[in-house]
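J.: File upload18.csv follows (CSV, C-alpha atoms):
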chain,number,residue,atom,x,y,z
A,21,MET,CA,9.5,57.5,15.0
A,22,VAL,CA,6.8,55.0,14.1
A,23,ARG,CA,6.2,51.4,14.9
A,24,ILE,CA,6.7,48.8,12.2
A,25,GLY,CA,3.2,47.6,13.0
A,26,ASP,CA,1.9,51.0,11.9
A,27,ILE,CA,3.4,50.9,8.4
A,28,CYS,CA,2.6,47.3,7.4
A,29,ILE,CA,0.3,44.4,8.2
A,30,ILE,CA,2.1,41.6,9.9
A,31,ASN,CA,1.1,38.0,9.2
A,32,PRO,CA,-2.0,39.0,7.2
A,33,LYS,CA,-5.0,36.6,7.2
A,34,ALA,CA,-5.0,34.0,4.4
A,35,GLN,CA,-7.4,34.1,1.6
A,36,THR,CA,-9.5,31.1,0.4
A,37,PHE,CA,-9.2,29.7,-3.1
A,38,ASP,CA,-10.5,26.8,-5.2
A,39,GLU,CA,-9.0,23.5,-4.2
A,40,ASP,CA,-7.2,23.1,-7.5
A,41,TYR,CA,-6.0,26.8,-7.7
A,42,LEU,CA,-2.3,26.9,-8.4
A,43,VAL,CA,0.1,28.7,-6.1
A,44,SER,CA,3.8,28.9,-5.4
A,45,PHE,CA,5.3,26.9,-2.5
A,46,VAL,CA,8.3,28.4,-0.8
A,47,PRO,CA,10.0,26.4,2.0
A,48,MET,CA,12.8,27.9,4.0
A,49,PRO,CA,15.6,26.6,1.8
A,50,LYS,CA,14.2,28.5,-1.1
A,51,VAL,CA,14.9,31.8,0.6
A,52,GLY,CA,18.5,33.0,0.8
A,53,GLU,CA,20.6,35.2,3.1
A,54,ASN,CA,21.0,37.9,0.5
A,55,GLY,CA,17.4,38.3,-0.6
A,56,GLU,CA,17.3,35.3,-2.9
A,57,PHE,CA,13.8,34.0,-3.5
A,58,ASP,CA,12.7,30.9,-5.5
A,59,ALA,CA,9.0,30.6,-6.3
A,60,SER,CA,9.4,27.9,-8.9
A,61,ASP,CA,7.7,25.1,-6.9
A,62,ILE,CA,4.0,25.0,-7.8
A,63,LYS,CA,1.3,23.2,-5.8
A,64,GLU,CA,-2.5,23.1,-5.7
A,65,TYR,CA,-4.2,25.1,-2.9
A,66,ARG,CA,-5.5,21.9,-1.4
A,67,GLU,CA,-1.9,20.8,-0.6
A,68,VAL,CA,-0.9,23.9,1.2
A,69,LYS,CA,-4.0,25.4,2.7
A,70,LYS,CA,-3.2,23.9,6.1
A,71,GLY,CA,0.1,24.1,8.0
A,72,PHE,CA,1.8,26.7,5.9
A,73,THR,CA,2.2,30.5,5.9
A,74,TYR,CA,0.3,32.6,3.3
A,75,PHE,CA,1.8,35.6,1.4
A,76,GLN,CA,1.4,37.4,-1.9
A,77,ASN,CA,3.6,39.3,-4.4
A,78,GLY,CA,5.2,42.3,-2.7
A,79,ASP,CA,5.1,40.9,0.8
A,80,VAL,CA,8.4,40.8,2.8
A,81,LEU,CA,9.3,37.5,4.4
A,82,PHE,CA,11.4,37.5,7.6
A,83,ALA,CA,12.7,34.2,8.9
A,84,LYS,CA,11.9,34.2,12.6
A,85,ILE,CA,13.6,31.0,13.9
A,86,THR,CA,17.2,30.5,14.9
A,87,PRO,CA,19.7,30.3,13.2
A,88,CYS,CA,17.9,31.4,10.0
A,89,MET,CA,17.1,34.8,11.5
A,90,GLU,CA,20.7,35.4,12.7
A,91,ASN,CA,22.0,34.3,9.3
A,92,GLY,CA,19.9,37.0,7.5
A,93,LYS,CA,17.3,34.9,5.8
A,94,GLY,CA,14.6,37.0,4.2
A,95,ALA,CA,13.3,38.3,0.9
A,96,ILE,CA,10.6,40.1,-1.0
A,97,ALA,CA,8.0,37.7,-2.5
A,98,ARG,CA,8.1,37.9,-6.3
A,99,ASN,CA,7.0,36.0,-9.4
A,100,LEU,CA,4.5,33.9,-7.4
A,101,LYS,CA,2.1,31.7,-9.3
A,102,ASN,CA,-1.2,33.7,-9.6
A,103,GLY,CA,0.5,36.2,-7.3
A,104,ILE,CA,0.0,33.8,-4.3
A,105,GLY,CA,2.4,31.8,-2.2
A,106,PHE,CA,2.5,29.5,0.8
A,107,GLY,CA,5.6,28.5,2.7
A,108,SER,CA,7.3,27.7,5.9
A,109,THR,CA,5.5,28.6,9.2
A,110,GLU,CA,8.9,30.0,10.4
A,111,PHE,CA,8.3,33.1,8.3
A,112,HIS,CA,6.8,36.3,9.5
A,113,VAL,CA,5.1,38.1,6.7
A,114,LEU,CA,5.1,41.9,6.5
A,115,ARG,CA,2.7,43.5,3.9
A,116,PRO,CA,3.7,47.2,3.4
A,117,ILE,CA,0.9,49.7,3.6
A,118,PRO,CA,0.7,51.5,0.2
A,119,ASP,CA,1.7,55.2,0.1
A,120,VAL,CA,3.4,54.7,3.5
A,121,VAL,CA,6.4,52.4,3.0
A,122,LEU,CA,8.1,50.6,0.1
A,123,GLY,CA,8.5,46.9,0.4
A,124,GLU,CA,12.1,47.1,-0.7
A,125,TRP,CA,12.9,49.8,1.9
A,126,LEU,CA,11.3,47.6,4.5
A,127,TYR,CA,13.3,44.6,3.3
A,128,TYR,CA,16.6,46.5,3.7
A,129,LEU,CA,15.5,47.6,7.2
A,130,LEU,CA,14.9,44.0,8.2
A,131,SER,CA,18.2,42.9,6.8
A,132,TRP,CA,20.2,45.5,8.7
A,133,THR,CA,22.6,43.9,11.1
A,134,ASP,CA,21.7,46.1,14.0
A,135,PHE,CA,18.0,45.2,13.6
A,136,ARG,CA,18.8,41.5,13.5
A,137,LYS,CA,20.9,41.8,16.6
A,138,GLU,CA,18.1,43.5,18.4
A,139,ALA,CA,15.7,40.8,17.2
A,140,GLU,CA,18.0,38.1,18.5
A,141,LYS,CA,17.9,39.7,22.0
A,142,ASN,CA,14.1,39.5,22.0
A,143,MET,CA,13.8,35.9,20.9
A,144,THR,CA,11.7,33.6,23.0
A,145,GLY,CA,11.6,29.8,23.4
A,146,SER,CA,14.2,27.1,24.2
A,147,ALA,CA,17.7,26.7,22.8
A,148,GLY,CA,17.6,25.7,19.2
A,149,GLN,CA,13.9,26.6,18.9
A,150,LYS,CA,14.1,30.3,19.6
A,151,ARG,CA,11.9,32.6,17.6
A,152,VAL,CA,11.4,36.3,17.1
A,153,PRO,CA,7.9,37.1,18.4
A,154,LYS,CA,5.4,39.1,16.3
A,155,SER,CA,5.2,41.7,19.1
A,156,PHE,CA,8.9,42.6,18.5
A,157,LEU,CA,8.2,43.5,14.9
A,158,GLU,CA,5.0,45.3,15.7
A,159,ASN,CA,6.7,47.5,18.3
A,160,TYR,CA,10.1,48.2,16.8
A,161,GLN,CA,10.4,51.9,16.1
A,162,VAL,CA,12.1,53.5,13.1
A,163,VAL,CA,12.1,56.9,11.4
A,164,VAL,CA,10.3,56.4,8.0
A,165,PRO,CA,11.3,59.1,5.4
A,166,SER,CA,9.0,60.1,2.5
A,167,LEU,CA,8.4,57.7,-0.3
A,168,ASP,CA,10.7,59.8,-2.6
A,169,ILE,CA,13.6,59.5,-0.1
A,170,GLN,CA,12.9,55.8,0.5
A,171,GLU,CA,13.1,55.2,-3.3
A,172,LYS,CA,16.5,57.0,-3.5
A,173,GLN,CA,17.9,55.0,-0.6
A,174,VAL,CA,16.6,51.7,-2.1
A,175,ASN,CA,18.3,52.6,-5.4
A,176,ILE,CA,21.6,53.2,-3.6
A,177,PHE,CA,21.3,49.8,-1.9
A,178,LYS,CA,20.4,48.1,-5.2
A,179,ASN,CA,23.4,49.5,-6.9
A,180,LEU,CA,25.7,48.5,-4.0
A,181,ASP,CA,24.2,45.0,-4.1
A,182,LEU,CA,24.8,44.8,-7.8
A,183,LEU,CA,28.5,45.7,-7.4
A,184,ILE,CA,28.9,43.4,-4.4
A,185,SER,CA,27.4,40.5,-6.5
A,186,LEU,CA,29.7,41.3,-9.4
A,187,ARG,CA,32.8,41.2,-7.1
A,188,LYS,CA,31.6,37.8,-5.7
A,189,GLN,CA,31.1,36.5,-9.2
A,190,GLN,CA,34.6,37.6,-10.1
A,191,LEU,CA,36.0,35.7,-7.1
A,192,SER,CA,34.0,32.6,-8.0
A,193,LYS,CA,35.2,32.7,-11.6
A,194,LEU,CA,38.8,32.9,-10.4
A,195,ASP,CA,38.3,30.0,-8.1
A,196,GLU,CA,36.9,28.0,-11.1
A,197,LEU,CA,39.9,29.0,-13.2
A,198,VAL,CA,42.2,27.5,-10.6
A,199,LYS,CA,40.2,24.3,-10.4
A,200,SER,CA,40.1,24.0,-14.2
A,201,ARG,CA,43.9,24.6,-14.4
A,202,PHE,CA,44.4,21.8,-11.8
A,203,VAL,CA,42.5,19.3,-13.9
A,204,GLU,CA,44.2,20.4,-17.1
A,205,LEU,CA,47.6,19.8,-15.6
A,206,PHE,CA,47.0,16.8,-13.3
A,207,GLY,CA,43.7,15.2,-14.3
A,208,ASP,CA,41.4,13.5,-11.8
A,209,PRO,CA,43.5,12.9,-8.7
A,210,VAL,CA,41.3,10.0,-7.6
A,211,LYS,CA,41.2,8.1,-10.9
A,212,ASN,CA,44.8,9.2,-11.6
A,213,ASP,CA,44.0,9.1,-15.3
A,214,MET,CA,47.4,10.6,-16.2
A,215,GLY,CA,49.2,7.8,-14.5
A,216,TRP,CA,51.2,9.8,-11.9
A,217,LYS,CA,53.2,8.1,-9.2
A,218,THR,CA,51.2,7.7,-6.0
A,219,THR,CA,51.8,7.3,-2.3
A,220,SER,CA,49.9,7.5,1.0
A,221,LEU,CA,49.4,11.0,2.5
A,222,LYS,CA,51.4,9.8,5.5
A,223,ASN,CA,54.5,9.1,3.4
A,224,ALA,CA,54.3,12.6,1.8
A,225,THR,CA,53.9,14.5,5.0
A,226,SER,CA,55.9,15.2,8.1
A,227,LYS,CA,52.9,15.8,10.3
A,228,ILE,CA,49.2,15.0,10.4
A,229,GLY,CA,47.3,15.9,13.6
A,230,SER,CA,44.6,17.8,15.4
A,231,GLY,CA,44.6,19.6,18.7
A,232,ALA,CA,42.0,20.2,21.4
A,233,THR,CA,40.0,22.9,23.1
A,234,PRO,CA,42.2,24.4,25.8
A,235,LYS,CA,41.3,24.1,29.5
A,236,GLY,CA,38.7,26.6,30.3
A,237,GLY,CA,36.8,26.3,27.0
A,238,LYS,CA,35.3,29.1,25.0
A,239,GLU,CA,34.9,31.3,28.1
A,240,SER,CA,38.7,31.5,28.4
A,241,TYR,CA,39.3,32.9,24.9
A,242,GLN,CA,41.2,36.2,24.7
A,243,ALA,CA,40.9,39.3,22.5
A,244,GLU,CA,44.6,38.9,21.7
A,245,GLY,CA,47.2,36.2,22.1
A,246,ILE,CA,48.0,33.0,20.4
A,247,THR,CA,45.6,32.3,17.5
A,248,LEU,CA,43.3,29.2,17.9
A,249,ILE,CA,42.1,27.9,14.6
A,250,ARG,CA,38.6,26.4,14.7
A,251,SER,CA,36.5,24.8,11.9
A,252,MET,CA,34.5,28.0,11.4
A,253,ASN,CA,37.7,29.6,10.2
A,254,VAL,CA,38.5,27.0,7.6
A,255,HIS,CA,36.6,27.4,4.3
A,256,ASP,CA,37.3,25.9,0.9
A,257,GLY,CA,40.4,27.7,-0.3
A,258,ARG,CA,39.8,30.6,2.1
A,259,PHE,CA,40.6,31.4,5.7
A,260,GLU,CA,37.7,33.2,7.5
A,261,TYR,CA,38.8,35.7,10.1
A,262,LYS,CA,35.4,36.2,11.6
A,263,ASP,CA,35.1,34.9,15.2
A,264,LEU,CA,38.9,34.2,15.3
A,265,ALA,CA,39.7,33.0,18.8
A,266,HIS,CA,42.9,33.6,20.8
A,267,ILE,CA,44.4,31.8,23.8
A,268,THR,CA,47.0,32.6,26.4
A,269,ASP,CA,50.6,31.4,26.3
A,270,GLU,CA,49.9,29.0,29.1
A,271,GLN,CA,47.0,27.5,27.1
A,272,ALA,CA,49.1,27.3,24.0
A,273,LYS,CA,51.7,25.2,25.8
A,274,GLN,CA,49.0,22.5,26.2
A,275,LEU,CA,48.8,22.4,22.4
A,276,ASP,CA,52.5,22.7,21.5
A,277,ASN,CA,52.2,19.4,19.6
A,278,VAL,CA,50.0,21.3,17.1
A,279,ALA,CA,51.9,24.5,16.7
A,280,ILE,CA,51.2,25.8,13.2
A,281,GLU,CA,54.1,26.4,10.8
A,282,GLU,CA,54.1,28.4,7.6
A,283,ASN,CA,52.6,26.5,4.6
A,284,ASP,CA,50.7,24.1,6.7
A,285,VAL,CA,47.4,23.0,5.2
A,286,PHE,CA,44.2,23.0,7.4
A,287,ILE,CA,41.5,20.4,6.8
A,288,ASN,CA,38.3,20.2,8.9
A,289,ILE,CA,37.8,16.7,10.2
A,290,THR,CA,34.5,16.8,12.1
A,291,GLY,CA,31.0,18.3,11.9
A,292,ALA,CA,29.0,19.9,9.0
A,293,SER,CA,32.1,21.5,7.6
A,294,VAL,CA,34.1,18.3,7.3
A,295,ALA,CA,36.6,18.2,4.4
A,296,ARG,CA,36.9,22.0,4.0
A,297,SER,CA,40.5,23.0,3.5
A,298,CYS,CA,42.8,26.0,3.1
A,299,ILE,CA,46.4,27.1,3.5
A,300,VAL,CA,47.5,28.8,6.7
A,301,PRO,CA,47.7,32.6,6.3
A,302,LYS,CA,51.3,33.6,7.4
A,303,HIS,CA,50.2,36.6,9.5
A,304,ILE,CA,48.1,34.6,12.0
A,305,LEU,CA,51.2,32.8,13.4
A,306,PRO,CA,51.8,31.8,16.1
A,307,ALA,CA,48.8,29.6,16.2
A,308,ARG,CA,47.3,26.3,17.3
A,309,VAL,CA,44.3,24.2,16.1
A,310,ASN,CA,41.5,22.6,18.1
A,311,GLN,CA,40.2,19.1,17.8
A,312,HIS,CA,38.0,19.8,14.7
A,313,VAL,CA,40.9,20.9,12.5
A,314,ALA,CA,43.8,18.8,11.3
A,315,ILE,CA,47.2,20.1,10.2
A,316,ILE,CA,48.6,18.6,7.0
A,317,ARG,CA,52.4,19.4,6.9
A,318,CYS,CA,53.8,18.4,3.5
A,319,ILE,CA,57.3,17.2,2.8
A,320,THR,CA,58.0,19.9,0.3
A,321,SER,CA,60.5,17.8,-1.7
A,322,MET,CA,57.5,15.6,-2.6
A,323,LEU,CA,54.3,17.6,-2.2
A,324,ASN,CA,53.9,21.3,-2.8
A,325,PRO,CA,51.4,22.6,-0.1
A,326,VAL,CA,49.5,24.7,-2.6
A,327,PHE,CA,49.2,21.7,-4.9
A,328,ALA,CA,48.1,19.5,-2.0
A,329,ASN,CA,45.4,22.0,-0.9
A,330,ASN,CA,44.0,22.2,-4.4
A,331,MET,CA,44.0,18.4,-4.7
A,332,PHE,CA,41.8,18.3,-1.5
A,333,LEU,CA,39.5,20.9,-3.2
A,334,ASN,CA,39.2,19.0,-6.4
A,335,HIS,CA,35.7,17.7,-6.9
A,336,SER,CA,36.6,14.0,-7.0
A,337,PHE,CA,38.9,14.2,-4.0
A,338,LYS,CA,36.4,16.2,-2.1
A,339,GLU,CA,33.7,13.6,-2.7
A,340,GLN,CA,36.1,10.9,-1.5
A,341,LEU,CA,36.8,12.8,1.7
A,342,LEU,CA,33.0,13.4,2.3
A,343,ASP,CA,32.3,9.7,1.7
A,344,ILE,CA,35.0,8.8,4.3
A,345,GLY,CA,33.3,11.3,6.7
A,346,GLU,CA,29.9,9.8,6.4
A,347,THR,CA,28.7,7.8,9.4
A,348,GLY,CA,26.0,5.2,9.1
A,349,GLY,CA,25.4,6.3,5.6
A,350,ALA,CA,23.5,9.4,6.8
A,351,THR,CA,25.5,12.3,8.1
A,352,ARG,CA,29.0,13.5,7.5
A,353,GLN,CA,30.7,13.6,10.8
A,354,ALA,CA,34.3,12.8,11.1
A,355,ILE,CA,37.6,11.8,9.4
A,356,THR,CA,40.2,10.2,11.6
A,357,LYS,CA,43.9,10.7,11.5
A,358,GLN,CA,44.4,7.1,10.3
A,359,GLN,CA,42.0,7.7,7.4
A,360,LEU,CA,43.9,10.9,6.4
A,361,GLU,CA,47.2,9.1,6.6
A,362,SER,CA,45.9,6.2,4.4
A,363,LEU,CA,44.7,8.5,1.6
A,364,GLU,CA,46.3,7.8,-1.7
A,365,VAL,CA,47.7,11.0,-3.3
A,366,ILE,CA,49.2,11.6,-6.7
A,367,LEU,CA,52.8,12.8,-7.0
A,368,PRO,CA,53.3,14.7,-10.3
A,369,PRO,CA,56.8,16.0,-10.9
A,370,LEU,CA,57.6,18.7,-8.3
A,371,GLU,CA,58.5,21.2,-11.1
A,372,LEU,CA,55.0,20.9,-12.4
A,373,GLN,CA,53.5,21.2,-8.9
A,374,ASN,CA,55.6,24.4,-8.4
A,375,GLN,CA,54.4,25.8,-11.8
A,376,PHE,CA,50.8,25.3,-10.7
A,377,ALA,CA,51.6,27.0,-7.3
A,378,ASP,CA,53.0,30.0,-9.1
A,379,PHE,CA,49.8,30.2,-11.2
A,380,VAL,CA,47.7,30.1,-8.0
A,381,GLU,CA,49.9,32.8,-6.5
A,382,GLN,CA,49.1,35.2,-9.5
A,383,ILE,CA,45.4,34.4,-9.2
A,384,ASP,CA,45.5,35.1,-5.5
A,385,LYS,CA,46.9,38.5,-6.2
A,386,SER,CA,44.0,39.3,-8.4
A,387,LYS,CA,41.6,37.9,-5.8
A,388,PHE,CA,43.2,40.0,-3.1
A,389,GLU,CA,42.4,43.2,-5.0
A,390,ILE,CA,38.9,42.1,-5.7
A,391,GLN,CA,38.4,41.1,-2.1
A,392,LYS,CA,39.6,44.6,-1.0
A,393,SER,CA,37.0,46.2,-3.3
A,394,LEU,CA,34.3,43.9,-2.0
A,395,GLU,CA,35.1,44.7,1.6
A,396,LYS,CA,35.0,48.4,0.9
A,397,LEU,CA,31.5,48.0,-0.8
A,398,GLU,CA,30.2,46.0,2.1
A,399,THR,CA,31.6,48.5,4.6
A,400,LEU,CA,29.9,51.4,2.7
A,401,LYS,CA,26.6,49.5,2.7
A,402,LYS,CA,26.8,49.0,6.5
A,403,ALA,CA,27.6,52.6,7.0
A,404,LEU,CA,24.7,53.8,4.9
A,405,MET,CA,22.3,51.4,6.7
A,406,GLN,CA,23.4,52.9,10.0
A,407,LYS,CA,22.8,56.4,8.6
A,408,TYR,CA,19.4,55.6,7.1
A,409,PHE,CA,18.0,53.3,9.8
A,410,GLY,CA,20.0,54.2,13.0
Show me this structure written as structure tokens.
T.:
Amino acid sequence: MVRIGDICIINPKAQTFDEDYLVSFVPMPKVGENGEFDASDIKEYREVKKGFTYFQNGDVLFAKITPCMENGKGAIARNLKNGIGFGSTEFHVLRPIPDVVLGEWLYYLLSWTDFRKEAEKNMTGSAGQKRVPKSFLENYQVVVPSLDIQEKQVNIFKNLDLLISLRKQQLSKLDELVKSRFVELFGDPVKNDMGWKTTSLKNATSKIGSGATPKGGKESYQAEGITLIRSMNVHDGRFEYKDLAHITDEQAKQLDNVAIEENDVFINITGASVARSCIVPKHILPARVNQHVAIIRCITSMLNPVFANNMFLNHSFKEQLLDIGETGGATRQAITKQQLESLEVILPPLELQNQFADFVEQIDKSKFEIQKSLEKLETLKKALMQKYFG
């Protein structure tokens, strides 16, 4: 076992350059949660020599501040102008010692979920401003194999990442196919360029409403019981099972007015995820929603739920929802029940809506198989990380 501080230089001292020397500038948004790194912004050294973090090609960047660290932000610095970069002060920079550790191997270690969890436990500072201290990185111990073995392990991870990326691309293309098919059949639902009949969403639904956080709050959530849907579970066209909460039968009685039924549409109505929508998965029933999620229950003789959800996901309609959600012209915060009810929706012939829903069902079957493959790949990667780093 060796300390990370013994296999790399952490936060190396910056070099000095001519004032007009060109370098890459990499703020936090230019680094992704899956190793993405964008060095396209170029600045003169005079602009970045103070108040920014220095690094060079081959260095590993590790986001130290919450929530970037917990979300997995980090990357290997590549394609820097003149090989030099400056960026956010919220990065720790790790420079691998040659002939001891490969930068890519070090990157995968730092992206390992167990490592991030341990780093989270060792954060210092106040809520919202917690950071991983340099000392944690320096003293974290790990078994470092030979360079040959490191290279083999890195190649395995690279191949897995490639396959994972391809599966995600396939899912994205299928989503785009559904969106294109919607526009082909129904046009722009806001402009109504095909001249469909329209009505208010209130007239086309039997229920629009949101719930509440049960008495006792988050601390009272159960491992099993009645499902409580929160905004973090509702993504565009997809239900996210991570962090799914459950409540007791007694708590559920407090929310009987928002008992979920099959084919209900969820739409987030508050916070940063406002306007995200999806259809209820059948197997999570019985369920309730909290105050951040609204139920849209379609009158199916007028509005097919699959059609309605994809109308909400349409670019023009989504922009309309986001505009409604803006407060003071600055941040998107909330959509009220009254605003939902007053939304004007198109009503194409039900037969055409149903045809579209059948098309979506076939696409969803393909997505299901791809998603299963994706999950297997991600599980394999996690298992190998545990084997190599644990």
J.: Taking into account only C-alpha atoms, which residue in the set A:Ile117, A:Leu370, A:Leu81, A:Leu122 is nearest to A:Phe206?
T.: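 Answer, going by the shortest atom-to-atom distance: A:Leu370.
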J.: Give me, as a ChimeraX atom specification, all polymer residues having an atom no more than 8 Å from A:Thr356, counting all atoms listed in the file and skipping those fewer than 3 positions away in the same chain.
T.: /A:289,359-360
J.: Using atom CA of A:Asp168 and atom CA of A:Ser185 as the two end points, give the distance in Å to one decimal.
T.: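 Answer for the atom CA of A:Asp168 to atom CA of A:Ser185 separation: 25.8 Å.
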J.: Can you list, as a list in words, every protein, DNA or RNA residue that comes within 10 Å of A:Arg136 when you count all atoms listed in the file, leaving out same-chain residues fewer than 3 positions away?
T.: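 Residues near the query, excluding close chain neighbours: Met89, Glu90, Asn91, Gly92, Leu129, Leu130, Ser131, Trp132, Thr133, Ala139, Glu140, Lys141, Asn142 and Val152 of chain A.
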J.: Identify the residues within 7 Å of coordinate (46.1, 32.2, 24.7) (same frame as the file), considering all atoms listed in the file, and give the answer as a ChimeraX atom specification.
T.: /A:241-242,245-246,266-272
J.: Which residues come within 10 Å of A:Val174, counting all atoms listed in the file, excluding same-chain residues fewer than 5 positions away, as JSON, numbers by chain?
T.: {"A": [122, 123, 124, 125, 126, 127, 128, 169, 179, 180]}
J.: Enter the distance from atom CA of A:Val313 to atom CA of A:Cys88, in Å, rounded to one decimal.
T.: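 Calculated distance between atom CA of A:Val313 and atom CA of A:Cys88 is 25.4 Å.
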J.: So, counting only C-alpha atoms, which residue among A:Val254, A:Ala83, A:Val203, A:Ile104 is closest to A:Lys63?
T.: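 Smallest distance to A:Lys63 is found for A:Ile104.
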J.: Could you work out how far atom CA of A:Ser230 lies from atom CA of A:Leu275, giving the answer in Å with one decimal?
T.: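 Atom-to-atom, atom CA of A:Leu275 to atom CA of A:Ser230, that is 9.4 Å.
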J.: Using all atoms listed in the file, pick whichever of A:Pro209, A:Arg258, A:Gln161, A:Arg201 has the shortest atom-to-atom distance to A:Phe388.
T.: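 Distance minimum relative to A:Phe388 lands on A:Arg258.
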J.: Missing atoms in stretch 331-347 of chain A need filling: write out N, CA and C atoms for it as a short mmCIF file (atom, residue, chain, number, x, y, z; two decimals), keeping the file's coordinate frame.
T.:
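New file result_33.cif:
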data_model
loop_
_atom_site.label_atom_id
_atom_site.label_comp_id
_atom_site.auth_asym_id
_atom_site.auth_seq_id
_atom_site.Cartn_x
_atom_site.Cartn_y
_atom_site.Cartn_z
N MET A 331 44.41 19.83 -4.47
CA MET A 331 44.00 18.40 -4.70
C MET A 331 42.84 18.11 -3.73
N PHE A 332 42.92 18.57 -2.47
CA PHE A 332 41.80 18.30 -1.50
C PHE A 332 40.54 19.02 -2.01
N LEU A 333 40.68 20.17 -2.69
CA LEU A 333 39.50 20.90 -3.20
C LEU A 333 38.94 20.38 -4.46
N ASN A 334 39.70 19.55 -5.15
CA ASN A 334 39.20 19.00 -6.40
C ASN A 334 37.92 18.18 -6.13
N HIS A 335 36.98 18.27 -7.06
CA HIS A 335 35.70 17.70 -6.90
C HIS A 335 35.73 16.19 -6.50
N SER A 336 36.50 15.43 -7.27
CA SER A 336 36.60 14.00 -7.00
C SER A 336 37.19 13.67 -5.67
N PHE A 337 38.26 14.40 -5.33
CA PHE A 337 38.90 14.20 -4.00
C PHE A 337 38.02 14.58 -2.89
N LYS A 338 37.31 15.70 -3.09
CA LYS A 338 36.40 16.20 -2.10
C LYS A 338 35.30 15.16 -1.79
N GLU A 339 34.74 14.60 -2.86
CA GLU A 339 33.70 13.60 -2.70
C GLU A 339 34.25 12.37 -1.95
N GLN A 340 35.49 12.01 -2.22
CA GLN A 340 36.10 10.90 -1.50
C GLN A 340 36.22 11.21 -0.02
N LEU A 341 36.64 12.43 0.31
CA LEU A 341 36.80 12.80 1.70
C LEU A 341 35.39 12.83 2.39
N LEU A 342 34.37 13.33 1.68
CA LEU A 342 33.00 13.40 2.30
C LEU A 342 32.48 11.97 2.47
N ASP A 343 32.77 11.08 1.54
CA ASP A 343 32.30 9.70 1.70
C ASP A 343 32.98 9.06 2.94
N ILE A 344 34.26 9.36 3.15
CA ILE A 344 35.00 8.80 4.30
C ILE A 344 34.31 9.40 5.60
N GLY A 345 33.91 10.67 5.53
CA GLY A 345 33.30 11.30 6.70
C GLY A 345 31.93 10.91 7.05
N GLU A 346 31.26 10.22 6.15
CA GLU A 346 29.90 9.80 6.40
C GLU A 346 29.86 8.72 7.51
N THR A 347 28.89 8.82 8.38
CA THR A 347 28.70 7.80 9.40
C THR A 347 27.35 7.19 9.31
#
